[in-house]
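**Q** What follows is final_11.pdb; its format and atoms are PDB, C-alpha atoms.
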```pdb
MODEL        1
ATOM      1  CA  MET A  29     -26.747 -66.497  59.608
ATOM      2  CA  ALA A  30     -28.977 -66.413  56.463
ATOM      3  CA  HIS A  31     -29.672 -62.725  56.950
ATOM      4  CA  ARG A  32     -25.954 -61.961  57.177
ATOM      5  CA  ALA A  33     -25.204 -64.085  54.089
ATOM      6  CA  ARG A  34     -27.893 -62.254  52.144
ATOM      7  CA  LEU A  35     -26.477 -58.894  53.232
ATOM      8  CA  VAL A  36     -22.990 -59.954  52.146
ATOM      9  CA  LEU A  37     -24.342 -61.125  48.797
ATOM     10  CA  GLN A  38     -26.227 -57.874  48.261
ATOM     11  CA  GLY A  39     -23.086 -55.911  49.192
ATOM     12  CA  VAL A  40     -21.008 -57.881  46.687
ATOM     13  CA  ALA A  41     -23.623 -57.357  43.944
ATOM     14  CA  VAL A  42     -23.829 -53.597  44.593
ATOM     15  CA  GLY A  43     -20.010 -53.388  44.717
ATOM     16  CA  LEU A  44     -19.752 -55.160  41.337
ATOM     17  CA  VAL A  45     -22.264 -52.797  39.731
ATOM     18  CA  VAL A  46     -20.407 -49.750  41.129
ATOM     19  CA  LEU A  47     -17.090 -51.168  39.870
ATOM     20  CA  LEU A  48     -18.460 -51.783  36.369
ATOM     21  CA  PHE A  49     -19.965 -48.288  36.263
ATOM     22  CA  ALA A  50     -16.649 -46.750  37.377
ATOM     23  CA  LEU A  51     -14.849 -48.723  34.628
ATOM     24  CA  LEU A  52     -17.321 -47.439  32.037
ATOM     25  CA  VAL A  53     -16.847 -43.814  33.173
ATOM     26  CA  TRP A  54     -13.051 -44.221  33.214
ATOM     27  CA  LYS A  55     -13.079 -45.689  29.720
ATOM     28  CA  LEU A  56     -15.248 -42.860  28.380
ATOM     29  CA  VAL A  57     -13.144 -40.157  30.050
ATOM     30  CA  SER A  58      -9.693 -41.576  29.276
ATOM     31  CA  SER A  59     -10.247 -42.518  25.621
ATOM     32  CA  PRO A  60      -9.778 -39.472  23.398
ATOM     33  CA  GLY A  61     -11.428 -41.224  20.430
ATOM     34  CA  GLY A  62     -11.599 -39.006  17.365
ATOM     35  CA  ASP A  63     -11.569 -35.806  19.397
ATOM     36  CA  LEU A  64      -7.959 -34.937  18.563
ATOM     37  CA  ALA A  65      -8.642 -34.163  14.899
ATOM     38  CA  ALA A  66     -11.816 -32.249  15.757
ATOM     39  CA  ALA A  67     -10.050 -30.269  18.508
ATOM     40  CA  ALA A  68      -7.120 -29.478  16.206
ATOM     41  CA  ASN A  69      -9.372 -28.275  13.411
ATOM     42  CA  ARG A  70     -11.336 -26.112  15.917
ATOM     43  CA  GLY A  71      -8.040 -24.386  16.676
ATOM     44  CA  ASP A  72      -7.637 -25.819  20.184
ATOM     45  CA  GLU A  73      -4.100 -27.049  19.354
ATOM     46  CA  PRO A  74      -4.153 -30.148  21.634
ATOM     47  CA  HIS A  75      -0.871 -31.842  22.504
ATOM     48  CA  ALA A  76      -0.100 -34.875  20.364
ATOM     49  CA  PRO A  77       0.172 -38.170  22.290
ATOM     50  CA  GLY A  78       3.766 -39.346  22.512
ATOM     51  CA  PHE A  79       5.041 -42.695  21.284
ATOM     52  CA  THR A  80       8.246 -44.630  20.812
ATOM     53  CA  LEU A  81       8.239 -47.133  17.968
ATOM     54  CA  PRO A  82      10.767 -49.293  16.094
ATOM     55  CA  ARG A  83      12.023 -47.774  12.878
ATOM     56  CA  LEU A  84      11.078 -49.352   9.599
ATOM     57  CA  ASP A  85      13.694 -47.692   7.438
ATOM     58  CA  ARG A  86      16.669 -48.519   9.664
ATOM     59  CA  ASN A  87      17.545 -50.174  12.993
ATOM     60  CA  GLY A  88      16.602 -48.679  16.344
ATOM     61  CA  LYS A  89      13.618 -46.819  17.704
ATOM     62  CA  LEU A  90      12.283 -43.320  17.309
ATOM     63  CA  ALA A  91      10.472 -41.340  20.006
ATOM     64  CA  LEU A  92       8.158 -38.542  18.959
ATOM     65  CA  ALA A  93       9.497 -36.553  21.932
ATOM     66  CA  SER A  94      12.967 -36.612  20.347
ATOM     67  CA  LEU A  95      11.630 -34.413  17.534
ATOM     68  CA  ARG A  96      10.562 -31.620  19.899
ATOM     69  CA  GLY A  97      11.782 -28.315  18.475
ATOM     70  CA  LYS A  98      10.924 -29.372  14.918
ATOM     71  CA  ALA A  99       7.606 -29.210  13.113
ATOM     72  CA  VAL A 100       6.364 -32.754  12.460
ATOM     73  CA  VAL A 101       3.882 -34.150   9.976
ATOM     74  CA  VAL A 102       2.727 -37.487  11.444
ATOM     75  CA  ASN A 103       1.207 -39.621   8.701
ATOM     76  CA  PHE A 104      -0.604 -42.858   9.634
ATOM     77  CA  TRP A 105      -0.634 -45.284   6.713
ATOM     78  CA  ALA A 106      -0.518 -48.920   5.623
ATOM     79  CA  SER A 107       0.775 -50.560   2.454
ATOM     80  CA  TRP A 108      -2.626 -52.086   1.657
ATOM     81  CA  CYS A 109      -4.323 -48.667   1.824
ATOM     82  CA  ILE A 110      -4.997 -47.438  -1.725
ATOM     83  CA  PRO A 111      -5.351 -43.686  -0.963
ATOM     84  CA  CYS A 112      -1.978 -43.879   0.869
ATOM     85  CA  LYS A 113      -0.352 -44.643  -2.485
ATOM     86  CA  ASP A 114      -1.757 -41.456  -3.959
ATOM     87  CA  GLU A 115      -0.571 -39.147  -1.192
ATOM     88  CA  ALA A 116       2.869 -40.660  -0.480
ATOM     89  CA  PRO A 117       4.644 -38.814  -3.358
ATOM     90  CA  TYR A 118       3.198 -35.480  -2.219
ATOM     91  CA  LEU A 119       4.309 -36.017   1.391
ATOM     92  CA  GLU A 120       7.770 -36.909   0.076
ATOM     93  CA  GLN A 121       7.816 -33.653  -1.878
ATOM     94  CA  VAL A 122       6.804 -31.629   1.216
ATOM     95  CA  TRP A 123       9.546 -33.375   3.248
ATOM     96  CA  ARG A 124      12.222 -32.597   0.650
ATOM     97  CA  ASN A 125      11.115 -28.966   0.242
ATOM     98  CA  ARG A 126      10.890 -28.067   3.937
ATOM     99  CA  ARG A 127      13.261 -30.373   5.845
ATOM    100  CA  ALA A 128      15.975 -27.717   5.755
ATOM    101  CA  ASP A 129      13.555 -25.366   7.558
ATOM    102  CA  GLY A 130      13.085 -27.840  10.428
ATOM    103  CA  LEU A 131      10.242 -30.049   9.174
ATOM    104  CA  VAL A 132      10.137 -33.798   9.708
ATOM    105  CA  VAL A 133       7.586 -35.974   7.933
ATOM    106  CA  LEU A 134       7.139 -39.125  10.020
ATOM    107  CA  GLY A 135       5.281 -42.098   8.590
ATOM    108  CA  VAL A 136       3.632 -44.478  11.077
ATOM    109  CA  ASP A 137       2.910 -47.770   9.342
ATOM    110  CA  ALA A 138       0.226 -49.642  11.289
ATOM    111  CA  LYS A 139      -1.667 -52.949  10.994
ATOM    112  CA  ASP A 140       0.630 -54.059   8.241
ATOM    113  CA  PHE A 141       3.418 -56.488   7.398
ATOM    114  CA  ARG A 142       6.896 -54.975   7.793
ATOM    115  CA  GLY A 143       8.047 -56.428   4.464
ATOM    116  CA  ASP A 144       5.045 -55.002   2.600
ATOM    117  CA  ALA A 145       5.628 -51.598   4.201
ATOM    118  CA  ARG A 146       9.297 -51.574   3.143
ATOM    119  CA  ASN A 147       8.316 -52.564  -0.393
ATOM    120  CA  PHE A 148       5.771 -49.731  -0.426
ATOM    121  CA  ALA A 149       8.424 -47.219   0.676
ATOM    122  CA  ARG A 150      10.810 -48.391  -2.064
ATOM    123  CA  ARG A 151       8.130 -48.421  -4.735
ATOM    124  CA  TYR A 152       6.824 -44.923  -3.985
ATOM    125  CA  GLY A 153      10.232 -43.394  -3.293
ATOM    126  CA  VAL A 154       9.583 -42.585   0.366
ATOM    127  CA  THR A 155      12.733 -41.344   2.096
ATOM    128  CA  PHE A 156      11.244 -39.651   5.163
ATOM    129  CA  PRO A 157      11.533 -41.503   8.525
ATOM    130  CA  LEU A 158       9.195 -44.449   8.981
ATOM    131  CA  VAL A 159       8.228 -46.256  12.169
ATOM    132  CA  TYR A 160       6.289 -49.498  12.553
ATOM    133  CA  ASP A 161       3.238 -50.078  14.756
ATOM    134  CA  GLY A 162       1.972 -53.520  13.726
ATOM    135  CA  PRO A 163      -0.659 -53.888  16.486
ATOM    136  CA  GLY A 164      -1.784 -50.260  15.953
ATOM    137  CA  LYS A 165      -1.350 -49.229  19.599
ATOM    138  CA  THR A 166      -0.817 -45.557  18.749
ATOM    139  CA  LEU A 167      -4.022 -45.277  16.729
ATOM    140  CA  SER A 168      -6.492 -44.915  19.605
ATOM    141  CA  GLY A 169      -4.508 -42.054  21.173
ATOM    142  CA  TYR A 170      -4.902 -40.041  17.969
ATOM    143  CA  GLY A 171      -8.409 -41.321  17.290
ATOM    144  CA  VAL A 172      -7.362 -42.789  13.953
ATOM    145  CA  THR A 173     -10.266 -44.760  12.505
ATOM    146  CA  GLY A 174      -8.921 -45.393   9.004
ATOM    147  CA  PHE A 175      -5.937 -44.821   6.747
ATOM    148  CA  PRO A 176      -4.481 -42.439   5.884
ATOM    149  CA  GLU A 177      -4.712 -39.778   8.581
ATOM    150  CA  THR A 178      -2.215 -36.960   9.011
ATOM    151  CA  TYR A 179      -1.472 -34.640  11.922
ATOM    152  CA  VAL A 180       0.653 -31.491  11.667
ATOM    153  CA  LEU A 181       2.496 -30.754  14.917
ATOM    154  CA  ASP A 182       4.209 -27.477  15.760
ATOM    155  CA  ARG A 183       7.633 -27.259  17.410
ATOM    156  CA  GLU A 184       6.005 -27.656  20.853
ATOM    157  CA  GLY A 185       4.218 -30.872  19.872
ATOM    158  CA  ARG A 186       0.764 -29.289  19.529
ATOM    159  CA  VAL A 187      -1.540 -30.433  16.718
ATOM    160  CA  VAL A 188      -2.266 -27.434  14.507
ATOM    161  CA  GLU A 189      -4.081 -29.269  11.703
ATOM    162  CA  ALA A 190      -5.476 -32.740  11.100
ATOM    163  CA  PHE A 191      -6.386 -34.511   7.872
ATOM    164  CA  VAL A 192      -8.804 -37.432   8.072
ATOM    165  CA  GLY A 193      -8.364 -39.191   4.734
ATOM    166  CA  ALA A 194      -5.890 -38.723   1.916
ATOM    167  CA  ILE A 195      -4.210 -35.411   1.129
ATOM    168  CA  ASN A 196      -4.729 -35.641  -2.606
ATOM    169  CA  SER A 197      -6.699 -32.627  -3.823
ATOM    170  CA  ASP A 198      -5.316 -29.163  -4.620
ATOM    171  CA  GLU A 199      -7.312 -27.826  -1.688
ATOM    172  CA  ASP A 200      -5.712 -30.403   0.647
ATOM    173  CA  HIS A 201      -2.261 -29.515  -0.657
ATOM    174  CA  VAL A 202      -2.834 -25.808   0.048
ATOM    175  CA  ARG A 203      -4.145 -26.655   3.535
ATOM    176  CA  LEU A 204      -1.117 -28.819   4.299
ATOM    177  CA  ARG A 205       1.388 -26.223   3.079
ATOM    178  CA  SER A 206      -0.356 -23.560   5.167
ATOM    179  CA  ALA A 207      -0.374 -25.818   8.276
ATOM    180  CA  VAL A 208       3.319 -26.663   7.814
ATOM    181  CA  ALA A 209       4.142 -22.943   7.532
ATOM    182  CA  ARG A 210       2.248 -22.242  10.784
ATOM    183  CA  ALA A 211       3.914 -25.178  12.542
ATOM    184  CA  LEU A 212       7.370 -23.983  11.479
ATOM    185  CA  GLN A 213       6.664 -20.447  12.692
ATOM    186  CA  SER A 214       5.705 -21.578  16.205
TER
ATOM    187  CA  MET B   5      -8.375-112.865  18.458
ATOM    188  CA  ARG B   6     -10.969-110.116  19.096
ATOM    189  CA  LEU B   7      -8.630-108.516  21.651
ATOM    190  CA  GLY B   8      -5.863-108.409  19.055
ATOM    191  CA  VAL B   9      -8.079-106.645  16.481
ATOM    192  CA  VAL B  10      -9.115-104.053  19.074
ATOM    193  CA  GLY B  11      -5.455-103.517  19.970
ATOM    194  CA  VAL B  12      -4.470-103.000  16.328
ATOM    195  CA  LEU B  13      -7.364-100.552  15.792
ATOM    196  CA  ALA B  14      -6.416 -98.592  18.918
ATOM    197  CA  ALA B  15      -2.798 -98.401  17.768
ATOM    198  CA  LEU B  16      -3.908 -97.172  14.315
ATOM    199  CA  ALA B  17      -6.141 -94.521  15.919
ATOM    200  CA  LEU B  18      -3.214 -93.313  18.049
ATOM    201  CA  VAL B  19      -0.915 -93.129  15.034
ATOM    202  CA  ALA B  20      -3.570 -91.194  13.073
ATOM    203  CA  ALA B  21      -4.105 -88.749  15.956
ATOM    204  CA  ALA B  22      -0.362 -88.205  16.310
ATOM    205  CA  ALA B  23      -0.048 -87.616  12.565
ATOM    206  CA  ALA B  24      -2.928 -85.115  12.629
ATOM    207  CA  ALA B  25      -1.451 -83.229  15.578
ATOM    208  CA  GLY B  26       2.000 -82.877  14.066
ATOM    209  CA  GLY B  27       0.934 -82.754  10.414
ATOM    210  CA  ARG B  28       0.563 -79.960   7.955
ATOM    211  CA  PRO B  29      -1.703 -77.193   9.296
ATOM    212  CA  ASN B  30      -4.990 -76.457   7.593
ATOM    213  CA  ALA B  31      -5.324 -72.919   6.193
ATOM    214  CA  SER B  32      -9.071 -72.752   6.876
ATOM    215  CA  ASP B  33      -8.576 -73.793  10.508
ATOM    216  CA  LEU B  34      -5.895 -71.143  10.992
ATOM    217  CA  GLU B  35      -8.083 -68.473   9.380
ATOM    218  CA  GLY B  36     -10.741 -69.250  11.976
ATOM    219  CA  GLN B  37      -8.220 -68.851  14.798
ATOM    220  CA  LEU B  38      -6.777 -65.510  13.714
ATOM    221  CA  VAL B  39      -8.354 -62.069  13.722
ATOM    222  CA  CYS B  40      -8.189 -59.362  11.065
ATOM    223  CA  PRO B  41      -6.547 -56.406  12.892
ATOM    224  CA  VAL B  42      -8.664 -53.871  11.005
ATOM    225  CA  CYS B  43     -12.182 -55.329  11.132
ATOM    226  CA  GLN B  44     -11.756 -57.490  14.291
ATOM    227  CA  THR B  45     -13.496 -60.543  12.788
ATOM    228  CA  THR B  46     -11.763 -63.831  12.138
ATOM    229  CA  LEU B  47      -9.885 -63.987   8.835
ATOM    230  CA  ASP B  48     -12.298 -66.528   7.361
ATOM    231  CA  GLN B  49     -15.081 -63.937   7.662
ATOM    232  CA  SER B  50     -13.150 -60.971   6.333
ATOM    233  CA  ASP B  51     -12.279 -59.711   2.876
ATOM    234  CA  ALA B  52     -10.475 -56.585   4.129
ATOM    235  CA  PRO B  53      -7.216 -55.935   2.236
ATOM    236  CA  ILE B  54      -5.039 -56.784   5.238
ATOM    237  CA  ALA B  55      -7.082 -59.966   5.868
ATOM    238  CA  LEU B  56      -6.469 -61.056   2.265
ATOM    239  CA  LYS B  57      -2.744 -60.399   2.741
ATOM    240  CA  MET B  58      -2.744 -62.414   5.955
ATOM    241  CA  LYS B  59      -4.539 -65.326   4.267
ATOM    242  CA  ALA B  60      -1.962 -65.297   1.464
ATOM    243  CA  TYR B  61       0.828 -65.182   4.073
ATOM    244  CA  ILE B  62      -0.664 -68.207   5.895
ATOM    245  CA  ARG B  63      -0.792 -70.212   2.654
ATOM    246  CA  ARG B  64       2.798 -69.263   1.802
ATOM    247  CA  ARG B  65       4.020 -70.315   5.250
ATOM    248  CA  ILE B  66       2.106 -73.622   5.060
ATOM    249  CA  ALA B  67       3.673 -74.290   1.659
ATOM    250  CA  ALA B  68       7.074 -73.498   3.177
ATOM    251  CA  GLY B  69       6.459 -76.186   5.806
ATOM    252  CA  ASP B  70       5.795 -74.061   8.898
ATOM    253  CA  SER B  71       3.668 -75.464  11.723
ATOM    254  CA  ALA B  72       0.469 -73.784  12.944
ATOM    255  CA  ALA B  73       2.288 -72.595  16.064
ATOM    256  CA  GLN B  74       5.104 -71.061  13.988
ATOM    257  CA  ILE B  75       2.647 -69.239  11.728
ATOM    258  CA  LYS B  76       0.695 -67.893  14.694
ATOM    259  CA  ALA B  77       3.901 -66.783  16.423
ATOM    260  CA  ALA B  78       5.037 -64.964  13.274
ATOM    261  CA  LEU B  79       1.714 -63.136  12.993
ATOM    262  CA  VAL B  80       1.743 -62.232  16.699
ATOM    263  CA  ALA B  81       5.248 -60.799  16.194
ATOM    264  CA  GLN B  82       3.864 -58.550  13.435
ATOM    265  CA  PHE B  83       0.436 -57.605  14.777
ATOM    266  CA  GLY B  84       0.589 -58.321  18.507
ATOM    267  CA  PRO B  85      -1.338 -60.881  20.611
ATOM    268  CA  GLY B  86      -4.667 -59.289  19.616
ATOM    269  CA  VAL B  87      -4.415 -61.172  16.328
ATOM    270  CA  LEU B  88      -5.249 -64.435  18.140
ATOM    271  CA  ALA B  89      -8.982 -65.189  18.279
ATOM    272  CA  THR B  90      -8.514 -66.939  21.624
ATOM    273  CA  PRO B  91      -6.106 -65.662  24.274
ATOM    274  CA  SER B  92      -2.880 -67.572  24.884
ATOM    275  CA  LYS B  93      -2.782 -70.105  27.730
ATOM    276  CA  SER B  94       0.213 -68.473  29.375
ATOM    277  CA  GLY B  95       1.050 -65.125  30.973
ATOM    278  CA  PHE B  96      -1.697 -62.517  31.105
ATOM    279  CA  GLY B  97      -3.828 -64.426  28.560
ATOM    280  CA  LEU B  98      -4.156 -67.265  31.074
ATOM    281  CA  LEU B  99      -6.439 -65.011  33.135
ATOM    282  CA  ALA B 100      -9.054 -65.091  30.376
ATOM    283  CA  TRP B 101      -9.253 -68.874  30.812
ATOM    284  CA  LEU B 102      -9.042 -68.976  34.615
ATOM    285  CA  VAL B 103     -11.372 -66.119  35.567
ATOM    286  CA  PRO B 104     -14.590 -67.687  34.143
ATOM    287  CA  ILE B 105     -13.788 -70.976  35.932
ATOM    288  CA  LEU B 106     -13.127 -69.144  39.207
ATOM    289  CA  VAL B 107     -16.333 -67.110  38.804
ATOM    290  CA  VAL B 108     -18.395 -70.288  38.255
ATOM    291  CA  LEU B 109     -16.754 -71.978  41.252
ATOM    292  CA  GLY B 110     -17.284 -68.870  43.407
ATOM    293  CA  ALA B 111     -20.936 -68.601  42.345
ATOM    294  CA  GLY B 112     -21.431 -72.310  43.160
ATOM    295  CA  LEU B 113     -19.884 -71.776  46.580
ATOM    296  CA  VAL B 114     -22.140 -68.793  47.317
ATOM    297  CA  VAL B 115     -25.247 -70.703  46.189
ATOM    298  CA  GLY B 116     -24.199 -73.674  48.330
ATOM    299  CA  VAL B 117     -23.736 -71.477  51.420
ATOM    300  CA  LEU B 118     -27.110 -69.793  50.855
ATOM    301  CA  VAL B 119     -28.972 -73.063  50.296
ATOM    302  CA  ARG B 120     -27.463 -74.439  53.488
ATOM    303  CA  ALA B 121     -28.387 -71.309  55.434
ATOM    304  CA  TRP B 122     -31.955 -71.295  54.119
ATOM    305  CA  SER B 123     -32.470 -75.019  54.788
ATOM    306  CA  LYS B 124     -31.354 -74.504  58.399
ATOM    307  CA  ARG B 125     -33.796 -71.625  58.851
ATOM    308  CA  ARG B 126     -36.881 -73.622  57.728
ATOM    309  CA  PRO B 127     -39.105 -74.501  60.784
ATOM    310  CA  PRO B 128     -39.367 -78.238  61.638
ATOM    311  CA  PRO B 129     -42.553 -79.963  60.448
ATOM    312  CA  PRO B 130     -45.289 -80.271  63.119
ATOM    313  CA  PRO B 131     -45.445 -83.630  64.939
ATOM    314  CA  ASP B 132     -48.033 -86.139  63.784
ATOM    315  CA  ARG B 133     -51.188 -85.997  65.910
ATOM    316  CA  PRO B 134     -53.609 -88.901  66.239
ATOM    317  CA  LEU B 135     -56.816 -88.423  64.289
ATOM    318  CA  ASP B 136     -59.963 -87.601  66.209
ATOM    319  CA  PRO B 137     -61.844 -90.974  66.665
ATOM    320  CA  ASP B 138     -65.052 -89.441  65.376
ATOM    321  CA  VAL B 139     -63.360 -88.128  62.220
ATOM    322  CA  GLU B 140     -61.586 -91.435  61.724
ATOM    323  CA  ARG B 141     -64.875 -93.328  61.924
ATOM    324  CA  ARG B 142     -66.454 -90.987  59.353
ATOM    325  CA  VAL B 143     -63.488 -91.370  56.966
ATOM    326  CA  ASP B 144     -63.783 -95.164  57.248
ATOM    327  CA  GLU B 145     -67.499 -94.991  56.509
ATOM    328  CA  GLU B 146     -66.956 -92.756  53.472
ATOM    329  CA  LEU B 147     -64.223 -95.005  52.139
ATOM    330  CA  ALA B 148     -66.361 -98.108  52.630
ATOM    331  CA  ARG B 149     -69.238 -96.451  50.780
ATOM    332  CA  PHE B 150     -66.917 -95.332  47.988
ATOM    333  CA  GLU B 151     -65.412 -98.780  47.568
ATOM    334  CA  GLY B 152     -68.673-100.640  47.953
TER
ENDMDL
END
```
Could you render the structure as structure tokens?

**A**
Amino acid sequence: MAHRARLVLQGVAVGLVVLLFALLVWKLVSSPGGDLAAAANRGDEPHAPGFTLPRLDRNGKLALASLRGKAVVVNFWASWCIPCKDEAPYLEQVWRNRRADGLVVLGVDAKDFRGDARNFARRYGVTFPLVYDGPGKTLSGYGVTGFPETYVLDREGRVVEAFVGAINSDEDHVRLRSAVARALQS
Amino acid sequence: MRLGVVGVLAALALVAAAAAAGGRPNASDLEGQLVCPVCQTTLDQSDAPIALKMKAYIRRRIAAGDSAAQIKAALVAQFGPGVLATPSKSGFGLLAWLVPILVVLGAGLVVGVLVRAWSKRRPPPPPDRPLDPDVERRVDEELARFEG
């Protein structure tokens, strides 16, 4: 009886260790982390993770998949993020200049108050579509570790360029314009 | 007389407890129960910009007369259930409270079964045998010498 109980106990202990190890491996394999930006900037053109989020600038929801066929600049931001204030006017300018060519600039406001985000959009004259991700559920899929981060997607939803940090230098502006041109040509 | 005083004191304590439970929430308490969504520490330990905004929001809602539960619910609606430092006691969050209790109970059960199994396996103690008369006489002599 004691021998059998000990065997059962040992089996349970080994099973638990195997289960925990499998969970660790699954977590490491399934979480893309910050690899998306690195892969995009290596030229691998990984597919952007999809999402459907409530709109901030009007009622309803917006699915990234619904923009397939257009080039998309996905900009992750928050109203409390100071560099986001610097780059918002430039993103607005890019949106106005290239929307007729099939470009959509999509702002994803995360870890923020809705009211603050709307005030930010009014204050900085943002008219491109905005969606709201208060809990920040989309961030891990893109490997976003801070704000702002920006991903340029081609018409097939592949990431052709990634910007970790604000797009606020002349060099960044040239890089973004070039990435948008490539995304529109796809 | 003494019984009456005790009764009055007990009634006052109950009234005070009821007032505290339904009274105005304390901002510091709430800041210890809510998590900054950026740095993942409680608000009272964070000076991140969003944490400062959340602290200001809590104070505004307290001033507006909201209860602690209303303020928490409003923040959960904005930032999701991850903003609560402790999981909710309903739905999926209930698991976080139940699982540790079940694990402790299960571990106790396993230990109990093992202890019972091991105690059954232990061989019975040998029966008492009478002492050899010669040895007994020598022990008596030694004891008598020791005591004398």

**Q** Select, from A:Leu181, A:Ala209, A:Leu48, A:Ile195, the residue with the minimum atom-to-atom distance to Pro74 (chain A), counting only C-alpha atoms.

**A**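 Checking each candidate against Pro74 (chain A), we get A:Leu181 as the closest.
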
**Q** Would you give me, as CSV, each residue of chain A having an atom within 10 Å of an atom of chain B, along with its shortest atom pair and that distance in Å to one decimal, using all atoms listed in the file and sorting by chain and residue number?

**A**
```
residue,atom,partner,partner_atom,distance
A:Met29,CA,B:Ala121,CA,6.6
A:Ala30,CA,B:Ala121,CA,5.0
A:His31,CA,B:Ala121,CA,8.8
A:Arg32,CA,B:Ala121,CA,9.8
A:Ala33,CA,B:Leu118,CA,6.8
A:Arg34,CA,B:Leu118,CA,7.7
A:Leu37,CA,B:Val114,CA,8.1
A:Ala106,CA,B:Ile54,CA,9.1
A:Ser107,CA,B:Ile54,CA,9.0
A:Trp108,CA,B:Pro53,CA,6.0
A:Cys109,CA,B:Pro53,CA,7.8
A:Ile110,CA,B:Pro53,CA,9.6
A:Ala138,CA,B:Phe83,CA,8.7
A:Lys139,CA,B:Pro41,CA,6.3
A:Asp140,CA,B:Ile54,CA,7.0
A:Phe141,CA,B:Gln82,CA,6.4
A:Arg142,CA,B:Gln82,CA,7.3
A:Asp144,CA,B:Lys57,CA,9.5
A:Tyr160,CA,B:Gln82,CA,9.4
A:Asp161,CA,B:Phe83,CA,8.0
A:Gly162,CA,B:Phe83,CA,4.5
A:Pro163,CA,B:Phe83,CA,4.2
A:Gly164,CA,B:Phe83,CA,7.8
A:Lys165,CA,B:Gly84,CA,9.4
A:Thr173,CA,B:Val42,CA,9.4
A:Gly174,CA,B:Val42,CA,8.7
```

**Q** So which residues get picked by the PyMOL selection byres ((chain A and resi 84) around 7) here, written as a list in words?

**A**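 Against this file, the PyMOL selection byres ((chain A and resi 84) around 7) returns the residues Pro82, Arg83, Asp85, Arg86, Leu158, Val159 and Tyr160 of chain A.
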
**Q** Would you save the residues from that selection as a tab-separated table (two decimals), in the frame of the given file, using C-alpha atoms?

**A**
```tsv
chain	number	residue	atom	x	y	z
A	82	PRO	CA	10.77	-49.29	16.09
A	83	ARG	CA	12.02	-47.77	12.88
A	85	ASP	CA	13.69	-47.69	7.44
A	86	ARG	CA	16.67	-48.52	9.66
A	158	LEU	CA	9.20	-44.45	8.98
A	159	VAL	CA	8.23	-46.26	12.17
A	160	TYR	CA	6.29	-49.50	12.55
```

**Q** Quick one: residues within 7 Å of Leu38 (chain B), all atoms listed in the file, excluding same-chain residues fewer than 4 positions away - as a list in words?

**A**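 Near neighbours after the sequence-gap exclusion: Leu34, Thr46, Leu47, Val87, Leu88 and Ala89 of chain B.
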
**Q** Work out how far CA of Ser168 (chain A) is from CA of Ala66 (chain A), in Å to one decimal.

**A**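 It comes out at 14.3 Å.
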
**Q** Could you jot down the CA of Cys43 (chain B) to CA of Lys59 (chain B) separation for me, Å, one decimal place?

**A** 14.3 Å

**Q** Could you write out as a list in words the residues that the PyMOL selection byres ((chain A and resi 191) around 6) matches in the shown file?

**A**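 Those residues are Glu177, Thr178, Ala190, Val192 and Gly193 of chain A.
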
**Q** Apply the PyMOL selection byres ((chain A and resi 101) around 8) to the displayed file and report the matching residues as an MDAnalysis selection string.

**A** chainID A and resid 99:100 102:103 131:134 178:181 208

**Q** Could you tell me how far CA of Val39 (chain B) lies from CA of Ala78 (chain B), in Å and to one decimal?

**A**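 Taking CA of Val39 (chain B) and CA of Ala78 (chain B), their separation equals 13.7 Å.
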
**Q** Extract, using all atoms listed in the file, all DNA, RNA and protein residues at most 12 Å from region 29-33 of chain B, discarding same-chain residues fewer than 3 positions from it, and format them as a ChimeraX atom specification.

**A** /B:23-26,36-38,46-49,58-76,89

**Q** When you get a chance, write out N, CA and C atoms for region 96-105 of chain B, as a compact mmCIF listing (two decimals), in the frame of the given file.

**A**
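As a result, part-v4.txt now contains:
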```
# COMPACT_ATOMS: atom_id res chain seq x y z
N PHE B 96 -0.47 -63.27 30.82
CA PHE B 96 -1.70 -62.52 31.10
C PHE B 96 -2.93 -63.17 30.46
N GLY B 97 -2.72 -63.78 29.27
CA GLY B 97 -3.83 -64.43 28.56
C GLY B 97 -4.45 -65.56 29.35
N LEU B 98 -3.66 -66.16 30.25
CA LEU B 98 -4.16 -67.26 31.07
C LEU B 98 -5.34 -66.82 31.94
N LEU B 99 -5.34 -65.54 32.30
CA LEU B 99 -6.44 -65.01 33.14
C LEU B 99 -7.79 -65.18 32.44
N ALA B 100 -7.79 -64.98 31.12
CA ALA B 100 -9.05 -65.09 30.38
C ALA B 100 -9.63 -66.50 30.46
N TRP B 101 -8.77 -67.50 30.67
CA TRP B 101 -9.25 -68.87 30.81
C TRP B 101 -9.63 -69.17 32.26
N LEU B 102 -8.84 -68.63 33.21
CA LEU B 102 -9.04 -68.98 34.62
C LEU B 102 -10.21 -68.22 35.25
N VAL B 103 -10.36 -66.94 34.89
CA VAL B 103 -11.37 -66.12 35.57
C VAL B 103 -12.79 -66.70 35.44
N PRO B 104 -13.23 -67.11 34.22
CA PRO B 104 -14.59 -67.69 34.14
C PRO B 104 -14.75 -68.92 35.03
N ILE B 105 -13.70 -69.76 35.09
CA ILE B 105 -13.79 -70.98 35.93
C ILE B 105 -13.91 -70.57 37.40
```
